[in-house]
Every structure is written in structure tokens, then in C-alpha cells.
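> Structure incoming, see below.
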Amino acid sequence: MAESEHLSIRGGRLVDPANGIDALLDLHIANGKVIAVGQSPAGFSPDLVLEAEGQVVCPGLIDLCARLREPGFEHKATIASETTAAAAAGITTLCCPPDTEPMVDTPAVAQLIYQTAQRRGAARVLPAGALTQQLQGKQITEMAALKRAGCVVMSQADRPIGNTQVQRRAMEYAASFDLTVFLHPEDAYLRDGGCVHEGRVGTRLGLPGIPAAAETVAVARDLALAEQTGAHIHFRGLSTALATQMLAAARQQGIAASADVSAHQLILTEADVDGFDANCRVTPPLRTLADRDALRHAVTTGTIAAICSDHQPHDADAKLAPFPAAAPGISALETLLPLVLSLVAEGVMDLATAIARLTSGPAEILGLPVGRLDAGRSADVCVFDPQANWTLTADNLVSRGRNTPFLDRALQGRVTWTLLQGKMVFRRNREEP
Amino acid sequence: MTAPVQQLDGQGNLKHFLTIEGLSRDLLIEILDRSEGFLGVARQAVKKVPLCRGKVVANLFFETSTRTRTTFELAAKRLSADVLNLNISTSATAKGETLLDTLRNLEAMHVDMFVVRHAESGAAHFIARHADPHVSIVNAGDGRHAHPTQGMLDMFTIRRHKGDFAPLTVAIVGDILHSRVARSQIQALNALGTGEVRVIAPRTLIPAQAETLGVRVFHSLPDGVRDADVIILLRLQRERMSGALLPSEHEYFRLFGLTEERLRAAKPDAMVMHPGPINRGVEMDSGLADGPRSVILEQVSNGIAVRMAIMSMCIGTQNLHSQDAPHG
């Protein structure tokens with residue numbers, strides 16, 4: 001990894017949605033920060049120049065949900081392995097849910113994750129603190145202490161709180177410390193052991209279904225509680241058309257609610273479950289084409305402000321079981337950018353909007369001064385070749401998790417360089433296939 | 001993406017029998033025709049043919065079953081195969097062995113066919129995907145997904161009584177939501193060109209978008225059985241009464257139980273089927289089960305012939321009437 005105090009990225013197409021920039025502009029970096037965009041400052045002589053003709057230069061990507069599996073599940077992946085994969089995917093900041101072992105419900109665990117990630121230094125890791133102790137949905141955590149230890153948001157991971165009163169109190173308490181609450185909108189009773197969307201494909205395959213109402217009932221409840229409490233809530237991973245409409249209406253009324261969507265939900269549908277492909281077992285489940293298109297629409301309008309990977313690396317055994325018994329989740333860091341770029345290629349959204357949902361959108365949800373490249377900001381930069389055609393294989397995956405339905409799929413767009421605080425944390429070898 | 005498991009080999013012959021979905025009408029008719037040939041075997045003094053001599057069939061039952069396992073065992077033995085019965089629910093997996101570990105151990109014993117029953121939908125496909133390429137898999141019921149040999153034996157029974165499927169109206173009554181039997185029956189009936197397939201149950205027992213399976217949905221038994229040629233009753237598991245799916249056996253029988261009187265709305269020669277075991281007084285009148293319209297016991301004996309046909313198509317070394325049977 002090159003250590004350069006002064007660096008210029010020249011000739012690339014700079015896309016910086018937060019500053020409304022989409023133009024051929026150079027970027028100049030000194031001591032870990034952006035010092036100028038466009039003209040080089042007088043007397044600036046870079047130690048390193050990255051020639052980026054034909055490439056897109058954008059803020060480092062921000063991923064609101066990536067599981068690193070450490071501590072507790074190092075047989076699946078580690079902070080070191082997954083932040084290396086993140087860097088290779090152009091992701092410079094990622095937020096990890098609190099469902100490690102032990103869970104992030106005490107400051108010590110948050111600090112452990114923080115420090116391990118800092119030592120490794122390939123990506124900025126922001127642990128989400130547990131909203132309730134052991135994520136059991138009963139007793140709230142010491143959120144002020146968790147915030148002091150570096151937790152930027154509070155989360156229940158994928159374990160919804162059944163008791164509405166606990167949910168209300170947890171939201172109120174978090175709001176006392178300006179902490180946004182990440183929620184996985186799902187009614188556990190309606191889920192009832194389901195593993196696919198309750199619809200045409202699940203019916204044919206005899207797979208227990210999760211109705212769309214499992215999500216919309218929870219969204220309705222939590223929007224009402226957000227209205228009641230004034231807390232900031234963020235829906236992690238919407239999957240239904242109706243939920244996007246409910247969210248848009250609530251935001252119109254001024255309710256402080258935001259949402260993200262996992263990239264695979266914008267690409268795959270329930271039809272991909274056919275043949276019992278365990279790599280398509282995800283939570284929430286892949287839904288209908290109409291849902292997918294509504295999610296795409298909500299991303300373009302900004303109702304959904306962030307696209308995340310929902311990265312869940314698994315060991316091989318976790319997926320070697322009949323579909324309902326296979327562990328849910330996709331190893332998804334390295335497909336985040338290419339999948340979003342495929343939406344640009346399809347004409348669903350323009351490049352600036354796509355980049356916004358991967359940078360400024362999630363930054364705003366986290367309330368952090370990242371995801372933009374104006375002078376003085378941390379030089380977190382992703383440079384990618386939007387034309388590069390490549391195929392994801394088990395061999396070129398950097399993540400320890402090989403569980404992805406996109407294996408052997410042709411992808412377009414590939415990261416060339418990734419900078420974190422001005423330091424090069426990833427560079428692709430030119431001859432790499 | 002992971003490629004789906006193929007049930008046919010490169011020559012178009014049956015390799016696995018996992019689901020009826022995707023199989024051609026011609027192949028289903030071949031199964032039915034071969035089954036006719038095997039019916040006679042039970043009436044011979046020596047109830048055996050040498051079609052699978054030297055082959056090893058392992059019954060891998062991860063879920064308990066008496067009837068299905070017994071008929072598979074008998075079918076394999078009548079084909080002269082050696083049979084291993086493994087009741088896995090009480091042995092290996094209880095010790096923490098994974099499904100694939102169990103499979104690998106049995107493969108090492110050079111088994112030619114696994115007959116698999118498992119509580120999870122997709123289990124038979126999973127095993128077929130990961131098994132050694134020379135092993136054939138027959139699905140003996142996976143979760144709510146499929147029970148294709150039961151589906152075929154029901155088709156066989158219908159054809160013996162009714163002949164052609166095209167003019168028939170077939171009504172399936174009961175817990176469609178949880179029934180692998182219903183899914184296989186519906187797929188087989190549609191593949192064989194049945195005139196109309198109906199399902200009859202309260203909404204709580206009908207899966208989402210059921211009409212996409214190729215059925216007409218009824219919530220009233222009298223409406224649903226009107227002018228039907230065949231009425232298939234499904235077993236209602238007792239545990240369905242404990243949740244919010246049904247209020248009581250009493251109300252279920254009052255609304256969806258088949259009686260002599262209700263049967264009058266069907267065609268005069270309508271036949272009544274049930275995959276067993278019957279809950280008398282819940283799914284049907286006790287008298288009806290034993291009456292002349294019922295073919296329930298015939299279904300059981302037909303089950304052996306149909307399973308012999310399917311097993312011999314997957315791993316048989318020759319045709320039933322082939323003259324060049326190897327000696328010794």
C-alpha cells in the first residue's frame with residue numbers, strides 16, 4: 001500500500017453528488033484530506049499522480065449494513081478479511097450490525113471492533129449498538145455509553161421487537177442522545193417461520209411464506225411510534241411496494257423516517273428462488289417484480305436514500321442444507337457497486353443518483369461528514385472503471401464468504417483504486433482478470 | 001446462479017424422481033403404462049422380477065412414516081433389489097451429523113438409490129444436487145413441496161377407473177396449504193390434460209395465489225364437488241386445530257367433510273380417494289370410506305406397482321419383458 005502525503009487524481013470524471021458535481025475535474029489530496037477540486041493549488045507538487053482517464057472518481061462508498069462476523073463467528077469471516085474485501089469494492093465506511101458474539105450491547109465490544117478495524121485500516125468500521133440487551137427486545141441498553149464508545153446508531157439487527165411498549169421506550173431513549181434507530185421492519189408473528197415471499201413461487205415450491213404484510217404492519221407501527229416520540233428511525237432493508245408508499249407519505253408529513261434497500265432486492269425477485277437456490281435465501285425475502293420495480297422507483301425519487309450490501313458472509317456449511325434450513329444472506333460487498341451500475345446501464349437512474357445512494361445518502365442517515373469530496377473533507381475516494389467487464393468467481397472474490405447468487409455472472413464496472421483518508425487501501429493490478 | 005437439478009439424464013431417461021413439475025405428459029404416461037405391467041407381479045406365486053437385482057436401495061426417512069416406507073420397501077424387494085431402511089430422525093442427525101455427512105457415509109456403501117423423506121421443502125433436490133452422480137434419488141415427500149410417487153399412484157388409480165383425463169373434473173378437498181400430496185396431484189393432473197382441477201377449503205388452508213397452480217378455488221364443498229368425477233380428500237393433521245387455521249374438527253366436518261348426501265351433487269359414478277391415513281368423521285363419513293365409491297385400499301396396492309415402475313425406470317438394468325435377462 002502506497003503511503004503518499006500529496007496526491008492528485010487526474011483526468012477522471014468526478015461525481016460528487018453532495019456538491020452537485022459531475023464533470024471532468026482533478027482531485028488534489030494532502031495529509032489525508034481533500035485540498036482542492038479542479039485546478040491544483042499554487043505550489044502543490046504531488047508525490048503520486050493517479051491517471052484516471054475514462055474512470056469515475058467519487059467519494060468512497062458507505063455501506064449501512066455489512067456483517068464482518070467478528071467477534072464470535074471468525075470461522076465465517078473476520079474484520080481483517082471483510083474490510084479488505086470492502087476496500088476492493090470501493091467501500092470506505094461501513095456500519096456493522098450488533099449481532100456478533102458477544103453482541104454489541106456493552107461499550108467493550110464496540111471498542112474491540114473499533115480498535116481491530118483501526119489496526120487493520122482498510123475501511124472505517126462503525127459498529128451499531130444494540131438497542132436492547134442481548135437483542136432480546138426486553139431491556140434497553142446503556143445507549144449513552146455505547147455512543148461514547150463509538151456506536152453511531154442503535155440497531156436490533158434482524159430481530160424485531162415484539163413488545164410495542166419496549167419499542168416506544170427504546171426509540172425515546174435513543175432520541176434523548178440524538179441516536180438514530182435502525183429497524184428491521186418485520187412482524188414476527190406474521191413471519192411465522194417463513195423463508196420466502198408468500199406468493200406464486202413459494203406456493204408452487206411448498207416453501208413457507210412471509211407475507212408482504214409482515215413488513216407493512218411493522219412499518220405502520222414504527223411510523224406511528226416515530227410520530228409519537230419524535231425519534232429518528234431508519235428502516236433497514238425494505239422489500240415491499242406498499243412500505244415505500246407508506247414511508248413516502250409519512251415523510252411528507254414530516255415524520256423523521258428514512259430507509260435503505262439491499263442491492264440484491266433491486267435485481268432479484270421471488271422467481272430466482274426457483275430450483276431451491278439457497279444463495280437466494282435472504283431476509284427479507286425476494287419479492288415480486290412489482291415490488292422490485294417499486295423499490296427501484298423509491299430509490300430514484302429519494303424516498304429510499306441509501307443502497308447497501310447487507311453483506312452476510314457464510315462458511316460453506318451454512319448454506320449446505322435444504323432451502324428452509326440454509327442460513328440466510330449473501331456475501332455482497334463486491335457486487336454492491338456493479339449491481340447498482342447495472343441499474344444505470346438499464347436506464348433506471350443516472351450515474352449521479354446511483355452514486356448519491358451509495359455516498360451522500362447513507363452519510364446523511366448516519367449524520368457523519370463523510371461521503372463528499374469538498375476541500376477539507378477526509379479523502380475517502382473510490383475510483384472505478386465503469387466500462388470494465390468482468391465475471392465474479394469463487395477465485396476472485398476477496399471476501400471469505402463465497403455465498404452469492406451472482407457467482408459466474410457477467411458484471412460491468414470495477415474498482416481501480418480506493419483511498420481511505422488519503423491512503424491507498426486498494427489498487428487493482430492491471431493484468432488481473 | 002446455481003443450475004437447477006435435472007431429473008432426466010442426457011438420453012432423456014429418468015435419473016431422479018423429485019417432482020412431477022417439468023416432466024412431460026409422455027413420460028408420465030410411460031410411468032402409468034409400466035405400472036400396469038407390474039400390477040400382475042403381486043398375483044404371481046413368486047412375487048419378484050429381477051429388474052433391479054444387484055442394486056442397493058436405501059430408504060432414508062428423516063420423518064417417520066409407516067405406509068410409504070413399507071410400500072417403497074416392498075416395491076424394491078419385488079424388483080429384487082437389496083434394501084436398507086434407515087430411520088434417520090432417531091439416529092445420526094440426533095448426534096449432530098449433518099445431512100451431507102449421512103449421505104456421504106451411505107454413498108461409501110455403494111448405494112444405487114436413495115428414497116428420501118424429509119420435513120424440509122427442497123430436501124430431495126438438495127440431496128440430488130450433492131449426491132454422487134451415479135446415485136438416483138426418489139422423493140418420498142419433502143416438506144410441503146412434493147410427493148410425486150403418491151401423485152402418480154393417484155393418477156394410476158384414476159386412469160384405471162376413468163380412462164382418459166381430458167373429460168374429467170377432479171376436486172381436491174382439504175389442507176392444500178400444507179400438502180405436498182396436493183401439489184404433486186395438481187401438477188400431474190394438469191400435465192395429463194385433466195379438464196378441470198378444483199381445490200376446496202377455507203381460505204386459511206389455501207396457499208397464496210393458488211390459482212397460479214392451475215386450479216379453480218372453492219370455499220364451499222357443495223359448490224366444489226358439483227358434477228365432479230373424482231373427489232380426493234386430503235388428510236387433515238390434528239395440529240392444524242391448535243392454531244388459528246381452523247376452529248374445530250366439528251366445524252370442519254360440518255362444512256368440508258364428505259358425506260353420502262353431499263356426494264350426490266357429484267357425478268353418479270364419482271370416485272372417492274384419500275392418500276391415508278383417514279381421520280374418520282373429520283374428512284369423511286366412516287361409511288363412505290368403506291363404501292363402493294371409495295378406492296382407498298386400491299390406492300395402497302397400486303402404490304407398490306407405481307413405485308416399482310418408477311424405481312425400475314431410474315435404476316433398472318432391463319425392461320420388464322426383456323428376454324435377455326442375465327442369469328445367476
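Residue names in the C-alpha cells use chain letters A, B, ... in the order shown, residue numbers from 1 in each chain, and ligand numbers from 1 in the order shown.
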What are the DSSP strand (DSSP E or B) residues of range 130-320 of chain B, as a VMD selection string?
chain B and resid 136 to 142 146 169 to 173 196 to 200 216 to 218 230 to 233 258 271 to 273 280 284 294
> Would you list the contacts of range 38-54 of chain A as an MDAnalysis selection string, taking every protein, DNA or RNA residue within 10 Å and counting only C-alpha atoms, but skipping same-chain residues closer than 3 positions in sequence?
chainID A and resid 2:14 23:30 35 57 383:387 416:417
> Can you list, as a PyMOL selection string, every protein, DNA or RNA residue that comes within 8 Å of Asp374 in chain A when you count only C-alpha atoms, leaving out same-chain residues fewer than 2 positions away?
chain A and resi 19+34-37+372+376-377
> Restricted to C-alpha atoms, what would the selected residues look like written as a PDB file, in the first residue's frame?

ATOM      1  CA  ASN A  19     -21.671  19.070  -4.045  1.00  0.00           C
ATOM      2  CA  VAL A  34      -9.125  16.886   0.034  1.00  0.00           C
ATOM      3  CA  ILE A  35      -7.409  20.211  -0.548  1.00  0.00           C
ATOM      4  CA  ALA A  36      -8.746  21.200  -3.942  1.00  0.00           C
ATOM      5  CA  VAL A  37     -11.057  20.146  -6.752  1.00  0.00           C
ATOM      6  CA  ARG A 372     -18.420  14.079  -0.139  1.00  0.00           C
ATOM      7  CA  GLY A 376     -11.231  19.895   3.988  1.00  0.00           C
ATOM      8  CA  ARG A 377     -13.106  16.576   3.941  1.00  0.00           C
TER       9      ARG A 377
END
> With a cut-off of 10 Å and counting only C-alpha atoms, select all residues of chain A in contact with chain B and give the selection as a JSON list (two decimals) with C-alpha atoms, in the first residue's frame.

[["chain", "number", "residue", "atom", "x", "y", "z"],
["A", 197, "HIS", "CA", -42.16, -14.40, -0.18],
["A", 198, "GLU", "CA", -45.71, -15.62, 0.28],
["A", 199, "GLY", "CA", -46.75, -15.73, -3.35],
["A", 200, "ARG", "CA", -46.69, -17.63, -6.60],
["A", 201, "VAL", "CA", -43.24, -19.23, -6.34],
["A", 202, "GLY", "CA", -43.47, -20.12, -2.66],
["A", 203, "THR", "CA", -46.86, -21.70, -3.27],
["A", 204, "ARG", "CA", -45.54, -23.85, -6.11],
["A", 205, "LEU", "CA", -42.41, -24.94, -4.25],
["A", 206, "GLY", "CA", -44.25, -25.51, -0.99],
["A", 207, "LEU", "CA", -41.90, -23.17, 0.86],
["A", 208, "PRO", "CA", -43.39, -21.48, 3.95],
["A", 209, "GLY", "CA", -44.17, -17.89, 3.01],
["A", 211, "PRO", "CA", -46.46, -12.23, 3.59],
["A", 272, "ASP", "CA", -34.83, -16.52, -8.57],
["A", 274, "ASP", "CA", -36.86, -21.44, -8.22],
["A", 275, "GLY", "CA", -34.74, -24.57, -8.17],
["A", 276, "PHE", "CA", -34.22, -24.05, -4.41],
["A", 277, "ASP", "CA", -31.08, -21.91, -4.82],
["A", 278, "ALA", "CA", -30.01, -21.48, -1.18],
["A", 279, "ASN", "CA", -27.94, -18.43, -2.14],
["A", 280, "CYS", "CA", -31.24, -16.66, -2.82],
["A", 317, "ASP", "CA", -21.61, -25.49, 5.58],
["A", 320, "LEU", "CA", -25.30, -26.78, 2.64],
["A", 321, "ALA", "CA", -28.79, -27.62, 3.80],
["A", 322, "PRO", "CA", -32.26, -27.82, 2.28],
["A", 323, "PHE", "CA", -33.51, -24.33, 1.41],
["A", 324, "PRO", "CA", -35.53, -23.57, 4.57],
["A", 325, "ALA", "CA", -32.67, -24.74, 6.80],
["A", 404, "THR", "CA", -23.60, -15.30, -3.63],
["A", 405, "PRO", "CA", -26.15, -15.94, -6.36],
["A", 406, "PHE", "CA", -24.10, -13.67, -8.62],
["A", 407, "LEU", "CA", -21.25, -16.12, -8.97],
["A", 408, "ASP", "CA", -20.29, -16.61, -12.63],
["A", 409, "ARG", "CA", -22.45, -13.67, -13.61]]
> Grab the CA of Asp99 in chain A to CA of Gly302 in chain A distance for me, in Å with one decimal place.
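Separating CA of Asp99 in chain A from CA of Gly302 in chain A is a distance of 28.6 Å.
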> Show me, as number ranges by chain, the residues that have an atom within 8 Å of range 147-151 of chain B when counting only C-alpha atoms, minus same-chain residues fewer than 3 positions from it.
B: 17-20, 139-142, 154-155, 180-185, 188, 275, 303, 306-307, 310
> Export, as a PDB file, in the first residue's frame, the selected residues with N, CA and C atoms.

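File produced: out_28.pdb:
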ATOM      1  N   PHE B  17     -36.376 -38.904  -9.435  1.00  0.00           N
ATOM      2  CA  PHE B  17     -37.809 -38.608  -9.453  1.00  0.00           C
ATOM      3  C   PHE B  17     -38.085 -37.724  -8.238  1.00  0.00           C
ATOM      4  N   LEU B  18     -37.979 -36.403  -8.462  1.00  0.00           N
ATOM      5  CA  LEU B  18     -38.032 -35.436  -7.362  1.00  0.00           C
ATOM      6  C   LEU B  18     -39.360 -34.707  -7.310  1.00  0.00           C
ATOM      7  N   THR B  19     -39.908 -34.425  -8.489  1.00  0.00           N
ATOM      8  CA  THR B  19     -41.160 -33.690  -8.575  1.00  0.00           C
ATOM      9  C   THR B  19     -41.787 -33.986  -9.929  1.00  0.00           C
ATOM     10  N   ILE B  20     -43.092 -33.823 -10.012  1.00  0.00           N
ATOM     11  CA  ILE B  20     -43.769 -34.036 -11.296  1.00  0.00           C
ATOM     12  C   ILE B  20     -43.624 -32.799 -12.170  1.00  0.00           C
ATOM     13  N   ASN B 139     -37.951 -38.942  -4.461  1.00  0.00           N
ATOM     14  CA  ASN B 139     -38.536 -38.134  -3.399  1.00  0.00           C
ATOM     15  C   ASN B 139     -39.758 -38.854  -2.837  1.00  0.00           C
ATOM     16  N   ALA B 140     -39.691 -39.183  -1.549  1.00  0.00           N
ATOM     17  CA  ALA B 140     -40.831 -39.820  -0.887  1.00  0.00           C
ATOM     18  C   ALA B 140     -41.554 -38.815   0.000  1.00  0.00           C
ATOM     19  N   GLY B 141     -41.435 -37.523  -0.359  1.00  0.00           N
ATOM     20  CA  GLY B 141     -42.118 -36.479   0.400  1.00  0.00           C
ATOM     21  C   GLY B 141     -41.130 -35.530   1.025  1.00  0.00           C
ATOM     22  N   ASP B 142     -41.149 -34.241   0.572  1.00  0.00           N
ATOM     23  CA  ASP B 142     -40.271 -33.233   1.174  1.00  0.00           C
ATOM     24  C   ASP B 142     -41.110 -32.025   1.591  1.00  0.00           C
ATOM     25  N   ASP B 154     -51.971 -41.973  -7.560  1.00  0.00           N
ATOM     26  CA  ASP B 154     -53.340 -41.469  -7.644  1.00  0.00           C
ATOM     27  C   ASP B 154     -53.776 -41.340  -9.105  1.00  0.00           C
ATOM     28  N   MET B 155     -52.857 -40.907  -9.970  1.00  0.00           N
ATOM     29  CA  MET B 155     -53.183 -40.826 -11.395  1.00  0.00           C
ATOM     30  C   MET B 155     -53.463 -42.219 -11.955  1.00  0.00           C
ATOM     31  N   ARG B 180     -48.016 -31.576   0.419  1.00  0.00           N
ATOM     32  CA  ARG B 180     -47.153 -31.939  -0.711  1.00  0.00           C
ATOM     33  C   ARG B 180     -47.898 -32.861  -1.668  1.00  0.00           C
ATOM     34  N   VAL B 181     -48.822 -33.653  -1.113  1.00  0.00           N
ATOM     35  CA  VAL B 181     -49.594 -34.563  -1.958  1.00  0.00           C
ATOM     36  C   VAL B 181     -50.425 -33.751  -2.948  1.00  0.00           C
ATOM     37  N   ALA B 182     -51.100 -32.717  -2.452  1.00  0.00           N
ATOM     38  CA  ALA B 182     -51.951 -31.902  -3.335  1.00  0.00           C
ATOM     39  C   ALA B 182     -51.122 -31.267  -4.444  1.00  0.00           C
ATOM     40  N   ARG B 183     -49.939 -30.742  -4.109  1.00  0.00           N
ATOM     41  CA  ARG B 183     -49.121 -30.091  -5.141  1.00  0.00           C
ATOM     42  C   ARG B 183     -48.745 -31.081  -6.242  1.00  0.00           C
ATOM     43  N   SER B 184     -48.359 -32.290  -5.852  1.00  0.00           N
ATOM     44  CA  SER B 184     -47.979 -33.281  -6.871  1.00  0.00           C
ATOM     45  C   SER B 184     -49.196 -33.727  -7.677  1.00  0.00           C
ATOM     46  N   GLN B 185     -50.330 -33.888  -7.011  1.00  0.00           N
ATOM     47  CA  GLN B 185     -51.543 -34.289  -7.739  1.00  0.00           C
ATOM     48  C   GLN B 185     -51.936 -33.226  -8.759  1.00  0.00           C
ATOM     49  N   ALA B 188     -49.608 -33.272 -11.726  1.00  0.00           N
ATOM     50  CA  ALA B 188     -49.817 -34.452 -12.571  1.00  0.00           C
ATOM     51  C   ALA B 188     -51.125 -34.329 -13.348  1.00  0.00           C
ATOM     52  N   PRO B 275     -55.325 -40.202   0.419  1.00  0.00           N
ATOM     53  CA  PRO B 275     -53.976 -40.784   0.486  1.00  0.00           C
ATOM     54  C   PRO B 275     -53.712 -41.517   1.791  1.00  0.00           C
ATOM     55  N   GLY B 303     -49.975 -48.384  -5.230  1.00  0.00           N
ATOM     56  CA  GLY B 303     -48.764 -47.665  -4.850  1.00  0.00           C
ATOM     57  C   GLY B 303     -47.516 -48.508  -5.044  1.00  0.00           C
ATOM     58  N   VAL B 306     -46.754 -48.722  -8.903  1.00  0.00           N
ATOM     59  CA  VAL B 306     -46.263 -47.446  -9.440  1.00  0.00           C
ATOM     60  C   VAL B 306     -44.832 -47.197  -8.962  1.00  0.00           C
ATOM     61  N   ARG B 307     -44.552 -47.525  -7.715  1.00  0.00           N
ATOM     62  CA  ARG B 307     -43.185 -47.310  -7.208  1.00  0.00           C
ATOM     63  C   ARG B 307     -42.203 -48.279  -7.864  1.00  0.00           C
ATOM     64  N   ILE B 310     -41.403 -46.677 -11.256  1.00  0.00           N
ATOM     65  CA  ILE B 310     -40.511 -45.509 -11.172  1.00  0.00           C
ATOM     66  C   ILE B 310     -39.093 -45.942 -10.791  1.00  0.00           C
TER      67      ILE B 310
END
> If you count only C-alpha atoms, which residues fall within 7 Å of Ala110 in chain A, apart from same-chain ones fewer than 3 positions away, as number ranges by chain?
A: 104, 106-107, 113-114, 127, 149-151
> If we count only C-alpha atoms and set the cut-off at 8 Å, which residues sit around Gly316 in chain B, ignoring sequence neighbours fewer than 3 positions away in its own chain? Please answer as number ranges by chain.
B: 51-52, 311-313, 319
> How far is it from CA of Leu225 in chain A to CA of Met246 in chain A, in Å with one decimal?
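Value for the CA of Leu225 in chain A-CA of Met246 in chain A distance: 13.9 Å.
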> What are the DSSP alpha helix (DSSP H) residues of range 146-278 of chain A, as a count of residues only?
55
> Would you kindly return, as a short mmCIF file (atom, residue, chain, number, x, y, z; two decimals) with C-alpha atoms, in the first residue's frame, each protein, DNA or RNA residue with an atom no farther than 12 Å from any atom of Leu205 in chain B, considering only C-alpha atoms and excluding same-chain residues fewer than 6 positions away?

data_model
loop_
_atom_site.label_atom_id
_atom_site.label_comp_id
_atom_site.auth_asym_id
_atom_site.auth_seq_id
_atom_site.Cartn_x
_atom_site.Cartn_y
_atom_site.Cartn_z
CA THR A 203 -46.86 -21.70 -3.27
CA VAL B 173 -60.63 -31.17 -0.65
CA GLY B 174 -58.74 -30.09 2.46
CA ASP B 175 -55.46 -28.66 3.63
CA ILE B 176 -53.94 -27.58 0.31
CA LEU B 177 -51.59 -25.11 2.03
CA HIS B 178 -49.53 -27.70 3.85
CA SER B 179 -49.99 -30.60 1.42
CA ALA B 182 -51.95 -31.90 -3.33
CA VAL B 199 -59.39 -27.21 -4.74
CA VAL B 217 -60.55 -22.38 -5.92
CA PHE B 218 -63.77 -23.08 -3.98
CA HIS B 219 -64.60 -22.30 -0.36
CA LEU B 234 -56.57 -34.84 1.99
CA LEU B 236 -56.10 -33.07 7.99
CA GLN B 237 -53.28 -33.03 10.52
CA ARG B 240 -53.95 -27.61 12.36
CA MET B 241 -56.66 -27.37 15.00
CA GLY B 243 -53.54 -22.58 15.83
CA ALA B 244 -55.81 -20.07 14.17
CA LEU B 245 -56.30 -22.07 10.99
CA LEU B 246 -59.47 -23.89 11.99
CA TYR B 252 -64.54 -28.67 9.63
CA PHE B 256 -65.87 -29.76 4.44
#
> Separation of CA of Val300 in chain B and CA of Leu106 in chain B, in Å?
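Distance between the two atoms: 28.9 Å.
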> Could you check the closest approach to Val152 in chain A for each of A:Leu341, A:Leu64, A:Tyr173, A:Gln136 and tell me which residue wins, using only C-alpha atoms?
A:Leu64
